[in-house]
Amino acid sequence: MPFRFIHSADLHLGKRFGQFSGDLPAKLREARHATIAKLAEYARKEGASTILLAGDTFDTETPAPDVRRQALAEMHHHAPLRWVILPGNHDSLQAAQLWASLRSEAPDNVTLAVEAAPLDLAPGVTLLPAPCTTRRPGRDTTAWMDAAATAEGTIRIGLAHGAVQRFSEEGTGLDVIAPDRARRSGLAYLALGDWHGGVEIDPRTRYSGTPEPDQFKHGRPGEALLVSIENTMALPEVTPFQTGAFIWRDLALDLLDGDDAIARLQALIPELRLRRHALVRLSARGHVRLEARAALAAAIEKVQPDFGYLAFEDDDLTTECEPEDLDAIDHGGALREAADALLAEAGDDRLSSEERSIAQAALNRLFSYAQAVKA
Amino acid sequence: MKITALRLFNVKRFAGRGVAIETIGDGVNVLCAANEFGKSTSFEALHALFFQPHSGTPKAVQALRPYSGGNPLVEADIQTESGHFRIRKQFYGQKSVRVTDLANDRIVAQADEAERFIADLVRGGTAGPAGLLWVRQGVTGIERRSASEEESEKQVRASLLESVQGEVEAVTGGRRMADVMAATEQALGQLVTATGRPKAGERYAAAIAERDQLEEEERRLSAEVTALRHALDQRAAAEKRLQELDRAEDHLKRQKEIEAAEAAFQSARSRADHLRTSEAELNLLRERRDRAAREDAEFRAALVKRADIRSKLDAAESQRREAITRRDGVEMAVAKARQESDIAEQEEQEARALLARLDAALVARQAVEQLAEYENRLALAETLRTEIEAGEAALGLMKVPDATISALEALEPEIAGLRAVAEAARPSVTMAYAPDAPVVTLDGEPLAEGQARSFGRLAQLEISGVGIVTLRSHAPAGDDDRLRKAEEKRRGLLAALGVPNLAAARQRQEAARREESDLRERKTRLSLLAPDGLPALRKMVAGQREAIGQALEVQGDPALVRAAHATAEAKRHAARQASREAEAMQAGASQAVLAAETAFARLDAELKQVEAVLGPEAMRAEREQQRAVALADLDAQLTVKRATVEALRAEAGDVTAAEATLRRLRSVAQAVGNDVSELRKDIAAFSAEIRARSDDAVEEKWRQTIEALSAARVRVTGFEREVAVLLRLRKALDEARSRARDTYLRPVITELRPLLGLLFDDVAITFDEKTLLAQTLLRNGQEEEVERLSGGMREQLSVLTRLAFARLLARNGRPAPVILDDALVYSDDDRIEKMFDALHRQARDQQILVFSCRQRAFQQLGGNVLRMTDWIPTP
C-alpha cells in the first residue's frame with residue numbers, strides 16, 4: 001500500500017495585510033487559518049495520513065498567541081491526522097520563544113521537525129527534515145541528508161524550506177538548496193517550501209506553493225499537493241488540489257483607439273460572484289479617447305464595490321484627443337483655450353514625462369468637469 | 001472680410017429653388033422684408049456656410065434641408081485682403097466645398113483645405129469671437145447649444161445674460177468656465193489650503209498624517225523587532241554558552257583538579273614547615289658556634305690587650321708623677337706671685353690713701369679761703385645795707401616834691417612883683433654916709449650906702465651914736481592883701497618843706513638827688529657782693545663754714561706723693577700680671593695632673609676588665625683548652641645540620657606555585673559558577689523580554705505597519721499627484737481666462753464706451769472688467785438695479801457689444817461683418833433711430849448686414865437696401 005501524504009507550505013498564519021483597509025485584512029487572515037481545515041479535509045478524503053508543512057507555517061517569529069494556539073487547536077481537532085511542522089525562514093528556530101511555546105503546547109498529532117535527524121513517519125517511511133536554524137542559514141540545510149543513514153528499503157522523504165536556484169521568495173542567492181538533492185540523497189520525494197507558486201523542479205522535487213495566496217506576484221490560485229509513494233524506486237504520484245479562498249490577480253487592460261473600453265473591462269474581470277473573493281490590480285495601457293477614458297473611470301468606480309479589492313492604475317494609458325473631443329469641452333473661448341494648452345503640454349516632448357502626464361490628467365479632469373457642468 | 005454676395009439653393013423653404021442677394025456693399029446693408037420671406041433662412045444658410053463642415057449633418061445642417069429633401073447649397077462671395085473669393089458648400093448628397101478665386105476663376109481650395117480656409121476666415125483661432133458678430137433674434141450666441149438651452153434662453157430674455165454675457169461666455173468660457181473653475185477650486189480646497197499646504201482635517205492632510213504616524217510606528221516597531229531578535233540571538237548565545245559551561249563532566253574534572261591541587265599544596269606546605277624548622281635549628285647552631293668562636297677570639301684579644309694596657313699603664317704612671325711635680329712647682333710660683341701682688345697692692349693702697357688725704361687737705365684749705373672771702377663780702381654787704389637803710393631814711397626826709405618847688409618858683413616872681421608894687425608905694429630911705437660915720441640900721445638891718453630901703457607904717461632907724469629915729473608913714477595900706485596871701489602860701493609851702501626859702505628848698509632838692517645817687521651806687525655794690533641777696537650770701541657762708549668742719553692739716557708734697565702712687569700702681573700691675581700668669585700655669589698643671597690621673601685610672605679599669613675576662617690567672621690555660629674543644633664540637637654539629645637542611649631544601653617543592661595552581665583552579669570553578677549564574681540571570685531577563693514581545697506579536701504588527709505604510713505612501717503620492725493635476729488645471733484655466741480678458745474684454749469695453757454714450761444719453765452703465773457684465777446702472781443720477789434694464793436696452797447693448805467687437809477686430813486688421821437678424825425687436829422707434837446712427841457711425845469702416853421684418857421702422861435706417869433675386873446655381 002502506497003504512502004500518501006499532503007505536501008503544503010507557506011501558510012503564513014497571522015499575516016496581517018496592513019496595506020488593505022476595512023475588514024479585508026481580517027478576512028484574509030481568517031482565510032489563512034481556514035486552510036488548515038481544508039488540508040485536513042482533503043487528506044481525510046484521499047486517505048492521506050500525514051500533512052507535511054514545509055516551513056513558514058507562521059508569518060513571523062512571534063505570532064500572536066491566539067494565532068499559534070488556534071492553529072494548534074485546529075490541527076488537534078483533526079487527529080489522528082499527523083501534522084509535521086518545519087521551521088522556515090519566517091519562523092526559523094531562531095524564534096526560540098515560538099518553538100518553545102509550540103513544544104509545550106503541541107498536541108500529540110503535531111510533530112515539530114526542529115532537528116536535522118531522521119524521523120519515522122510510518123513503518124518503512126522516514127522523514128529527513130531540514131529546519132531553518134536561522135532566518136538566513138547561509139548554507140544548504142539539506143546537505144546532511146546525503147549521509148543520513150536509514151534502513152534498507154526505507155522510503156526517504158525530504159522536507160526543506162528555501163530557494164532552489166532562482167526560486168526564492170526573498171530573492172537572496174546564498175543559501176541555495178541543491179536542486180538535485182533528491183537524487184543525491186536517495187530521496188523518494190523532496191517536499192519544498194518558500195516559493196509561493198507551485199513548481200515542479202524534477203519528478204521527485206516540488207514546491208507545493210501556498211495554499212492561500214498572499215500577494216499578486218504569482219497569479220496562481222492557492223493549492224496543495226497530494227503525494228503518493230509506492231516504493232523507493234517508483235516516481236511519486238503527485239496531484240495538486242485547490243485550496244485558496246481568495247484569488248489575487250494582476251490584470252492588464254490593453255486598449256487601442258476605437259476599442260470599447262468598457263466591454264474589454266467586463267471581459268477581463270472575474271464574474272460577479274467571484275469578485276467578492278478577488279483582489280485585483282487592474283492596469284490600463286494603450287490609447288483611449290477622452291470620453292472613453294472618463295467612461296472607463298466611471299465604470300471602474302461602479303464595479304469597485306463588487307471586489308474584495310480593486311486597484312486601478314492608468315499611468316500608462318494615453319489619451320487620444322481629436323478636435324471634437326475638445327469641442328465637447330467648448331468650441332471656443334477660454335475653456336477651449338485652456339484645453340488646447342493642456343493638450344499641447346501633454347504632447348510636448350521637451351517636457352518631462354511627469355509634467356506631460358500631469359497635463360494629460362489635468363485635461364482629463366477638465367473634460368470630466370466640463371461634462372458635469374454641461375449635464 | 002466682407003461679404004459681397006450670398007446665394008442659396010434648395011435651402012429650407014426654398015426647396016428646389018434658389019435665391020441670391022447680390023451687391024452687398026460696405027457699411028450698412030439692410031434686407032427688410034416681411035416674415036417668412038426668407039431672411040432667417042438666408043441668415044442660417046450663411047451661418048452654416050461658415051460654421052458647419054460640409055461633411056457633417058448635425059442639427060443645424062439638418063435644419064437647412066427642405067422637407068422634400070435634397071442637397072442644400074450655399075454660396076457666398078467674399079472680399080478679403082488677399083482677394084475676391086467665392087465659397088461654395090453643398091451638404092448631404094454630393095457634399096462638397098470649394099473656394100474659387102474670382103479674379104481668375106481658379107479653384108483655390110477644396111474639401112478639408114477649403115474648410116480650413118473658411119475656418120481661418122471666421123475664427124482667427126479658437127479663442128476668437130467666432131460667431132460673435134452674429135446677432136439673432138433673441139439669441140445672443142450662435143454656437144451650437146442644446147435645444148433646451150436655446151429654448152430656455154428664449155424664455156429668459158429678461159435675464160441679464162443676453163445682453164453681454166453671451167459674448168463674455170463665448171470668450172471667457174463664461175458660466176461653464178466659472179463652474180469648471182469652481183469644481184477645480186472645490187476639489188483643490190478639499191485637499192490643500194490657499195497657500196498649497198495640505199489642509200488640516202481633509203483627506204490629503206489625513207493621509208500625510210497617517211503616513212507620518214505609520215512611519216513613526218514602523219520605526220518604533222522595527223526597533224522593537226530588532227530588540228526582540230537581538231534578545232533571541234543573545235539568549236540563544238547565552239544558552240549555548242551555559243550548556244558548554246555547565247557540562248557535568250567538566251564540572252567533575254574541575255573538582256578533581258582542585259582536589260589534586262589541594263593535596264599537592266598541603267604536602268608542599270608540610271615539607272616547607274619541616275624545612276623551616278631545620279633551618280631554624282641550623283641558624284641556632286650557627287649562632288652558638290659563632291658565639292663560641294667569638295668568645296675565644298675575645299679571650300685571645302684580651303690577653304693581647306692586657307699586655308698592651310700594662311705597658312701603657314706604666315707610661316701613664318710616670319706621666320702622672322711628672323705632672324704632679326710640675327703642678328707643685330707652679331703652685332709655689334703662684335703663691336709667691338700672689339704674695340708679691342698683695343704687697344704691691346698694699347703699697348699702692350697706702351700711696352693712694354696718702355694722696356687722697358693730701359687732696360682733701362688741699363680742698364679744705366681752698367674752702368677756708370673761700371669762706372674768708374665770703375665772710376668779707378658779707379661784712380661789706382651788711383655795712384652797705386646799713387648805709388642804704390640810713391640813706392633811704394635821710395632821703396625820705398630830704399625829699400622835696402617837684403610840684404612844691406614848681407609852686408614856689410611860680411610864687412616867687414608873683415611875690416616879687418606884688419612886693420615891687422607895694423615897695424613902690426612905700427616910703428623909702430637912703431643913707432649917704434659921711435666918711436667914717438657909723439652904720440645906721442633900719443629895723444635892725446644895716447642900711448647900705450646908697451641903697452634905698454622901703455618901710456611900712458613904722459620904721460626905726462638906729463643910728464649908732466645918735467639915737468633911734470622913728471619913721472612913720474601914714475599912707476593907706478590898701479592892696480597888700482594879694483601879696484600877703486601869696487606870701488602866706490609861700491610861707492605855708494616853705495613851712496611844709498621846713499626850709500626858710502626857695503633857695504633852701506632847691507638846696508635840699510639837690511642834696512636829696514645826691515643822696516639818691518649815692519644810694520643807687522651802694523645798692524649796685526650790694527647786688528654785686530650778694531647777687532642773690534643777703535640771706536643767700538649768709539647761707540653760703542654758713543654752708544662753707546660747715547663744709548670746712550675740722551679740716552685736716554696734712555703735710556707733704558702732693559707731686560711726690562703722686563709719683564709714689566704711680567710707682568706703686570705700676571708695681572701692683574706687674575705683680576698682678578705675674579700672679580695671673582702663674583695662676584694660668586697652675587690651671588694647666590692641674591689639668592695635666594687630672595688628665596694623667598684619668599688616663600691612669602682608665603687604663604687601670606681596662607686592665608681590671610681584661611683581667612675579669614681572662615679570669616683568675618691560674619685558670620686561664622684550662623679554660624682555653626675547654627673552649628677549643630667546644631668549638632670543634634660545634635663545627636662538627638654545624639656541618640651535619642647544614643647537610644640536613646640542604647637535603648630538605650632540595651626536596652621541598654614550590655609552595656607558591658602549588659598554591660597559585662590551586663587558586664587558579666578554584667577561581668576557574670568560581671568563574672564558571674559566576675558565569676553560569678550570570679547567564680541564567682541574563683537568560684531569564686531575555687526570556688522575559690522575549691515573552692513580552694512575543695505575546696505582543698510585535699513582528700506581526702511590524703509587518704502589518706510596513707504594508708500599511710506602503711499603502712499610505714501610495715495614497716499620499718496619489719494625493720500629491722491629484723493636487724498637482726488640479727493645480728495644473730487651475731493654472732491653465734486662469735491663464736486662458738486672463739488671456740481672453742486681456743485680448744478682448746478690456747479693449748471691447750474701451751470700444752463700447754463711446755457707443756453707449758451715443759445711444760444712452762440719460763443712462764450710464766459701468767462694467768465689471770473681469771466679467772464684462774454690467775455692474776451698475778445710473779439713470780438720471782439714480783443708481784438702479786441692473787436687472788431693471790429693459791428688454792430693448794438689453795438687445796441694444798447686445799448689438800453695441802458686437803459692434804464693439806467688430807470694431808476691435810477691424811482695428812486688429814481682421815475686419816468681419818456684423819450680421820443682425822431681427823436683433824432690434826424690442827427697441828422703440830426713438831431708440832432704433834439712435835441705434836441706426838450708431839450703426840452708421842460704425843459702418844464707416846465696417847460691413848453690417850441687417851435682416852429685419854420691421855419694414856416701416858427700418859426705412860429710417862437708410863443704407864444699402866438689399867433685394868432677393870431668383871438664382872439658379874451654375875454647376
# chains A, B, ... in the order shown; residues from 1 in each chain; ligands from 1
$ select_by_dssp --residues "stretch 275-344 of chain A" --states "helix (DSSP H, G or I)" --output "PyMOL selection string"
chain A and resi 275-277+290-306+323-329+333-344
$ select_by_dssp --residues "stretch 59-257 of chain A" --states "strand (DSSP E or B)" --output "PyMOL selection string"
chain A and resi 82-85+110-112+119-122+125-130+155-161+163-164+167+176+189-193+199-202+205-207+223-229+237-242+247-255
$ atom_distance --atom1 "atom CA of B:Leu358" --atom2 "atom CA of B:Ala542"
24.8 Å
$ interface_residues --of "chain B" --to "chain A" --cutoff "7 Å" --atoms "only C-alpha atoms" --output "count of residues only"
39
$ atom_distance --atom1 "atom CA of A:Leu86" --atom2 "atom CA of A:Val114"
6.5 Å
$ atom_distance --atom1 "atom CA of B:Ser222" --atom2 "atom CA of A:Asp140"
28.6 Å
$ residues_around --residues "B:Val672" --least-positions-apart "3" --cutoff "10 Å" --atoms "only C-alpha atoms" --output "list of chain:residue names"
B:Leu242, B:Leu245, B:Asp246, B:His251, B:Arg666, B:Ser667, B:Val668, B:Ala669, B:Asp675, B:Val676, B:Ser677, B:Glu678
$ write_last_selection --atoms "N, CA, C and O atoms" --output "compact mmCIF listing (two decimals), in the first residue's frame"
# COMPACT_ATOMS: atom_id res chain seq x y z
N LEU B 242 25.94 28.57 28.28
CA LEU B 242 25.56 27.94 29.54
C LEU B 242 25.73 26.43 29.43
O LEU B 242 26.28 25.78 30.32
N LEU B 245 29.30 25.55 29.57
CA LEU B 245 29.89 25.77 30.89
C LEU B 245 29.40 24.74 31.89
O LEU B 245 30.15 24.28 32.75
N ASP B 246 28.15 24.41 31.75
CA ASP B 246 27.51 23.67 32.83
C ASP B 246 27.58 22.16 32.61
O ASP B 246 26.87 21.41 33.24
N HIS B 251 32.55 19.79 35.06
CA HIS B 251 32.40 20.13 36.47
C HIS B 251 33.23 19.18 37.33
O HIS B 251 34.02 19.57 38.17
N ARG B 666 40.59 26.98 41.55
CA ARG B 666 39.40 27.38 42.29
C ARG B 666 38.70 28.56 41.61
O ARG B 666 37.48 28.59 41.52
N SER B 667 39.51 29.52 41.15
CA SER B 667 38.89 30.71 40.52
C SER B 667 38.19 30.32 39.23
O SER B 667 37.15 30.87 38.89
N VAL B 668 38.79 29.35 38.52
CA VAL B 668 38.14 28.88 37.31
C VAL B 668 36.75 28.34 37.66
O VAL B 668 35.74 28.72 37.07
N ALA B 669 36.75 27.50 38.70
CA ALA B 669 35.48 26.91 39.11
C ALA B 669 34.50 28.00 39.54
O ALA B 669 33.32 28.01 39.17
N ASP B 675 29.66 32.70 36.03
CA ASP B 675 29.17 32.83 34.66
C ASP B 675 27.82 32.14 34.54
O ASP B 675 26.89 32.66 33.93
N VAL B 676 27.77 30.98 35.09
CA VAL B 676 26.53 30.21 34.98
C VAL B 676 25.39 30.99 35.60
O VAL B 676 24.33 31.15 34.97
N SER B 677 25.64 31.51 36.78
CA SER B 677 24.52 32.22 37.42
C SER B 677 24.20 33.50 36.66
O SER B 677 23.03 33.85 36.47
N GLU B 678 25.28 34.19 36.16
CA GLU B 678 25.04 35.40 35.35
C GLU B 678 24.23 35.05 34.10
O GLU B 678 23.27 35.74 33.76
$ residues_around --residues "A:Ser8" --least-positions-apart "3" --cutoff "12 Å" --atoms "only C-alpha atoms" --output "mmCIF file with N, CA, C and O atoms, in the first residue's frame"
data_model
loop_
_atom_site.group_PDB
_atom_site.id
_atom_site.type_symbol
_atom_site.label_atom_id
_atom_site.label_comp_id
_atom_site.auth_asym_id
_atom_site.auth_seq_id
_atom_site.Cartn_x
_atom_site.Cartn_y
_atom_site.Cartn_z
ATOM 1 N N PHE A 5 0.550 11.277 1.468
ATOM 2 C CA PHE A 5 0.606 12.432 2.381
ATOM 3 C C PHE A 5 0.305 13.724 1.604
ATOM 4 O O PHE A 5 0.323 13.742 0.374
ATOM 5 N N LEU A 11 1.979 28.723 4.933
ATOM 6 C CA LEU A 11 0.635 29.115 5.364
ATOM 7 C C LEU A 11 0.629 30.565 5.851
ATOM 8 O O LEU A 11 -0.379 31.251 5.776
ATOM 9 N N HIS A 12 1.783 30.986 6.357
ATOM 10 C CA HIS A 12 1.913 32.372 6.861
ATOM 11 C C HIS A 12 0.752 32.756 7.764
ATOM 12 O O HIS A 12 0.112 33.795 7.575
ATOM 13 N N THR A 35 -7.265 27.342 5.919
ATOM 14 C CA THR A 35 -6.595 26.339 5.070
ATOM 15 C C THR A 35 -6.262 25.082 5.856
ATOM 16 O O THR A 35 -6.181 24.000 5.284
ATOM 17 N N ILE A 36 -6.061 25.215 7.158
ATOM 18 C CA ILE A 36 -5.733 24.036 7.976
ATOM 19 C C ILE A 36 -6.857 22.997 7.833
ATOM 20 O O ILE A 36 -6.623 21.809 7.535
ATOM 21 N N LYS A 38 -9.064 22.880 5.476
ATOM 22 C CA LYS A 38 -9.181 22.420 4.083
ATOM 23 C C LYS A 38 -8.197 21.295 3.786
ATOM 24 O O LYS A 38 -8.527 20.294 3.152
ATOM 25 N N LEU A 39 -6.945 21.490 4.248
ATOM 26 C CA LEU A 39 -5.920 20.459 4.026
ATOM 27 C C LEU A 39 -6.334 19.159 4.706
ATOM 28 O O LEU A 39 -6.235 18.067 4.124
ATOM 29 N N ALA A 40 -6.832 19.281 5.932
ATOM 30 C CA ALA A 40 -7.198 18.088 6.698
ATOM 31 C C ALA A 40 -8.337 17.334 6.007
ATOM 32 O O ALA A 40 -8.306 16.113 5.873
ATOM 33 N N TYR A 42 -9.171 17.371 2.859
ATOM 34 C CA TYR A 42 -8.720 16.706 1.629
ATOM 35 C C TYR A 42 -7.922 15.450 1.968
ATOM 36 O O TYR A 42 -8.055 14.414 1.328
ATOM 37 N N ALA A 43 -7.117 15.554 3.007
ATOM 38 C CA ALA A 43 -6.306 14.396 3.402
ATOM 39 C C ALA A 43 -7.212 13.232 3.802
ATOM 40 O O ALA A 43 -6.990 12.093 3.389
ATOM 41 N N THR A 50 -0.701 11.876 6.686
ATOM 42 C CA THR A 50 0.247 12.880 7.186
ATOM 43 C C THR A 50 0.161 14.153 6.341
ATOM 44 O O THR A 50 -0.058 14.080 5.120
ATOM 45 N N ILE A 51 0.339 15.289 7.024
ATOM 46 C CA ILE A 51 0.413 16.571 6.305
ATOM 47 C C ILE A 51 1.762 17.210 6.621
ATOM 48 O O ILE A 51 2.061 17.483 7.795
ATOM 49 N N LEU A 52 2.564 17.367 5.584
ATOM 50 C CA LEU A 52 3.887 17.985 5.784
ATOM 51 C C LEU A 52 3.789 19.479 5.456
ATOM 52 O O LEU A 52 3.368 19.847 4.357
ATOM 53 N N LEU A 53 4.145 20.278 6.416
ATOM 54 C CA LEU A 53 4.145 21.738 6.179
ATOM 55 C C LEU A 53 5.602 22.183 6.063
ATOM 56 O O LEU A 53 6.338 22.194 7.051
ATOM 57 N N ALA A 54 6.007 22.533 4.831
ATOM 58 C CA ALA A 54 7.435 22.776 4.560
ATOM 59 C C ALA A 54 7.839 24.221 4.865
ATOM 60 O O ALA A 54 8.347 24.939 4.018
ATOM 61 N N GLY A 55 7.621 24.644 6.082
ATOM 62 C CA GLY A 55 8.141 25.944 6.523
ATOM 63 C C GLY A 55 7.168 27.101 6.359
ATOM 64 O O GLY A 55 6.175 27.015 5.654
ATOM 65 N N ASP A 56 7.484 28.173 7.099
ATOM 66 C CA ASP A 56 6.675 29.404 7.077
ATOM 67 C C ASP A 56 5.205 29.129 7.410
ATOM 68 O O ASP A 56 4.304 29.703 6.808
ATOM 69 N N THR A 57 4.998 28.228 8.344
ATOM 70 C CA THR A 57 3.630 27.995 8.805
ATOM 71 C C THR A 57 3.113 29.276 9.469
ATOM 72 O O THR A 57 1.955 29.643 9.325
ATOM 73 N N TRP A 83 0.423 16.012 11.686
ATOM 74 C CA TRP A 83 0.954 17.250 11.104
ATOM 75 C C TRP A 83 2.435 17.337 11.428
ATOM 76 O O TRP A 83 2.834 17.118 12.570
ATOM 77 N N VAL A 84 3.205 17.623 10.410
ATOM 78 C CA VAL A 84 4.635 17.836 10.659
ATOM 79 C C VAL A 84 4.957 19.298 10.286
ATOM 80 O O VAL A 84 4.750 19.713 9.142
ATOM 81 N N ILE A 85 5.425 20.017 11.290
ATOM 82 C CA ILE A 85 5.708 21.454 11.059
ATOM 83 C C ILE A 85 7.211 21.675 11.002
ATOM 84 O O ILE A 85 7.939 21.344 11.937
ATOM 85 N N LEU A 86 7.654 22.219 9.883
ATOM 86 C CA LEU A 86 9.092 22.502 9.700
ATOM 87 C C LEU A 86 9.339 24.010 9.875
ATOM 88 O O LEU A 86 8.601 24.825 9.329
ATOM 89 N N LEU A 159 12.249 17.068 3.635
ATOM 90 C CA LEU A 159 11.361 18.208 3.903
ATOM 91 C C LEU A 159 12.256 19.428 4.153
ATOM 92 O O LEU A 159 13.079 19.406 5.075
ATOM 93 N N ALA A 160 12.123 20.440 3.311
ATOM 94 C CA ALA A 160 13.041 21.590 3.452
ATOM 95 C C ALA A 160 12.339 22.875 3.046
ATOM 96 O O ALA A 160 11.290 22.862 2.396
ATOM 97 N N HIS A 161 12.986 23.955 3.444
ATOM 98 C CA HIS A 161 12.418 25.282 3.126
ATOM 99 C C HIS A 161 13.545 26.187 2.632
ATOM 100 O O HIS A 161 14.546 26.353 3.313
ATOM 101 N N LEU A 190 11.220 15.114 -2.355
ATOM 102 C CA LEU A 190 11.699 16.230 -1.540
ATOM 103 C C LEU A 190 10.620 17.312 -1.539
ATOM 104 O O LEU A 190 10.326 17.907 -2.574
ATOM 105 N N ALA A 191 10.004 17.502 -0.378
ATOM 106 C CA ALA A 191 8.920 18.498 -0.251
ATOM 107 C C ALA A 191 9.532 19.841 0.131
ATOM 108 O O ALA A 191 10.157 19.964 1.182
ATOM 109 N N LEU A 192 9.334 20.837 -0.757
ATOM 110 C CA LEU A 192 9.951 22.144 -0.512
ATOM 111 C C LEU A 192 8.899 23.215 -0.222
ATOM 112 O O LEU A 192 7.773 23.147 -0.700
ATOM 113 N N GLY A 193 9.344 24.166 0.546
ATOM 114 C CA GLY A 193 8.503 25.339 0.803
ATOM 115 C C GLY A 193 9.322 26.583 0.533
ATOM 116 O O GLY A 193 10.533 26.501 0.363
ATOM 117 N N ASP A 194 8.646 27.754 0.494
ATOM 118 C CA ASP A 194 9.254 29.084 0.327
ATOM 119 C C ASP A 194 8.699 29.771 -0.905
ATOM 120 O O ASP A 194 8.303 30.919 -0.843
ATOM 121 N N TRP A 195 8.670 29.097 -2.028
ATOM 122 C CA TRP A 195 8.152 29.684 -3.265
ATOM 123 C C TRP A 195 6.638 29.539 -3.229
ATOM 124 O O TRP A 195 6.129 28.443 -3.098
ATOM 125 N N HIS A 196 5.946 30.652 -3.343
ATOM 126 C CA HIS A 196 4.504 30.603 -3.102
ATOM 127 C C HIS A 196 3.684 30.074 -4.268
ATOM 128 O O HIS A 196 2.490 29.842 -4.125
ATOM 129 N N GLY A 197 4.323 29.929 -5.404
ATOM 130 C CA GLY A 197 3.628 29.317 -6.533
ATOM 131 C C GLY A 197 4.131 27.880 -6.716
ATOM 132 O O GLY A 197 5.338 27.641 -6.662
ATOM 133 N N GLY A 198 3.223 26.954 -6.881
ATOM 134 C CA GLY A 198 3.656 25.561 -7.005
ATOM 135 C C GLY A 198 4.532 25.355 -8.225
ATOM 136 O O GLY A 198 4.217 25.834 -9.314
ATOM 137 N N ARG A 206 9.503 19.134 -5.469
ATOM 138 C CA ARG A 206 8.458 20.101 -5.808
ATOM 139 C C ARG A 206 8.294 21.164 -4.717
ATOM 140 O O ARG A 206 8.518 20.890 -3.532
ATOM 141 N N TYR A 207 7.914 22.350 -5.207
ATOM 142 C CA TYR A 207 7.365 23.365 -4.296
ATOM 143 C C TYR A 207 5.857 23.218 -4.358
ATOM 144 O O TYR A 207 5.286 23.154 -5.451
ATOM 145 N N SER A 208 5.229 23.164 -3.211
ATOM 146 C CA SER A 208 3.774 22.998 -3.213
ATOM 147 C C SER A 208 3.078 24.320 -3.502
ATOM 148 O O SER A 208 1.946 24.345 -3.950
ATOM 149 N N GLY A 209 3.743 25.432 -3.225
ATOM 150 C CA GLY A 209 3.068 26.741 -3.304
ATOM 151 C C GLY A 209 2.239 26.926 -2.044
ATOM 152 O O GLY A 209 2.057 26.000 -1.257
ATOM 153 N N THR A 210 1.773 28.172 -1.875
ATOM 154 C CA THR A 210 0.996 28.428 -0.666
ATOM 155 C C THR A 210 -0.453 27.994 -0.886
ATOM 156 O O THR A 210 -0.975 28.131 -1.998
ATOM 157 N N PRO A 211 -1.086 27.467 0.127
ATOM 158 C CA PRO A 211 -2.488 27.056 -0.042
ATOM 159 C C PRO A 211 -3.425 28.259 -0.101
ATOM 160 O O PRO A 211 -4.567 28.122 -0.515
ATOM 161 N N GLU A 212 -2.924 29.427 0.337
ATOM 162 C CA GLU A 212 -3.767 30.640 0.299
ATOM 163 C C GLU A 212 -2.844 31.789 -0.105
ATOM 164 O O GLU A 212 -1.995 32.208 0.679
ATOM 165 N N GLY A 222 -4.562 29.363 -4.778
ATOM 166 C CA GLY A 222 -3.949 28.610 -3.692
ATOM 167 C C GLY A 222 -4.135 27.119 -3.898
ATOM 168 O O GLY A 222 -5.217 26.669 -4.263
ATOM 169 N N GLU A 223 -3.052 26.364 -3.689
ATOM 170 C CA GLU A 223 -3.165 24.918 -3.908
ATOM 171 C C GLU A 223 -2.187 24.169 -3.020
ATOM 172 O O GLU A 223 -1.289 24.760 -2.415
ATOM 173 N N ALA A 224 -2.408 22.871 -2.936
ATOM 174 C CA ALA A 224 -1.509 21.991 -2.192
ATOM 175 C C ALA A 224 -1.353 20.708 -3.002
ATOM 176 O O ALA A 224 -2.004 20.543 -4.040
ATOM 177 N N LEU A 225 -0.466 19.836 -2.536
ATOM 178 C CA LEU A 225 -0.183 18.617 -3.317
ATOM 179 C C LEU A 225 -0.525 17.378 -2.512
ATOM 180 O O LEU A 225 -0.210 17.291 -1.324
ATOM 181 N N LEU A 226 -1.168 16.475 -3.195
ATOM 182 C CA LEU A 226 -1.353 15.147 -2.601
ATOM 183 C C LEU A 226 -0.273 14.257 -3.228
ATOM 184 O O LEU A 226 -0.175 14.147 -4.445
ATOM 185 N N VAL A 227 0.541 13.650 -2.372
ATOM 186 C CA VAL A 227 1.651 12.850 -2.889
ATOM 187 C C VAL A 227 1.454 11.403 -2.457
ATOM 188 O O VAL A 227 1.140 11.131 -1.296
ATOM 189 N N THR A 239 -0.686 14.950 -7.026
ATOM 190 C CA THR A 239 -1.935 15.534 -7.501
ATOM 191 C C THR A 239 -2.154 16.891 -6.816
ATOM 192 O O THR A 239 -2.360 16.966 -5.600
ATOM 193 N N PRO A 240 -2.095 17.967 -7.588
ATOM 194 C CA PRO A 240 -2.392 19.265 -6.979
ATOM 195 C C PRO A 240 -3.887 19.404 -6.738
ATOM 196 O O PRO A 240 -4.693 18.851 -7.475
ATOM 197 N N PHE A 241 -4.244 20.136 -5.690
ATOM 198 C CA PHE A 241 -5.659 20.431 -5.466
ATOM 199 C C PHE A 241 -5.822 21.854 -4.927
ATOM 200 O O PHE A 241 -4.946 22.396 -4.262
ATOM 201 N N GLN A 242 -6.972 22.423 -5.270
ATOM 202 C CA GLN A 242 -7.220 23.834 -4.954
ATOM 203 C C GLN A 242 -7.604 23.988 -3.486
ATOM 204 O O GLN A 242 -8.381 23.219 -2.944
ATOM 205 N N THR A 243 -7.064 24.986 -2.914
ATOM 206 C CA THR A 243 -7.380 25.256 -1.511
ATOM 207 C C THR A 243 -7.712 26.725 -1.251
ATOM 208 O O THR A 243 -8.324 27.047 -0.249
#
$ residues_around --residues "A:Val125" --least-positions-apart "5" --cutoff "10 Å" --atoms "only C-alpha atoms" --output "VMD selection string"
chain A and resid 3 118 to 120 150 to 151 153 to 157 188 229 231 to 232
$ write_last_selection --atoms "C-alpha atoms" --output "tab-separated table (two decimals), in the first residue's frame"
chain	number	residue	atom	x	y	z
A	3	PHE	CA	2.33	6.01	1.49
A	118	PRO	CA	15.60	11.11	10.63
A	119	LEU	CA	12.02	11.00	11.79
A	120	ASP	CA	9.86	7.91	11.30
A	150	THR	CA	18.20	4.66	7.08
A	151	ALA	CA	17.36	1.01	6.93
A	153	GLY	CA	14.23	-0.24	1.64
A	154	THR	CA	13.04	2.67	3.65
A	155	ILE	CA	11.18	5.38	1.77
A	156	ARG	CA	13.14	8.57	2.39
A	157	ILE	CA	11.18	11.79	2.20
A	188	ALA	CA	11.75	9.33	-2.91
A	229	ILE	CA	4.67	6.97	-2.97
A	231	ASN	CA	8.14	2.34	-3.02
A	232	THR	CA	11.66	3.65	-3.01
$ residues_around --residues "B:Leu191" --least-positions-apart "6" --cutoff "6 Å" --atoms "only C-alpha atoms" --output "list in words"
Pro198, Lys199 and Tyr204 of chain B
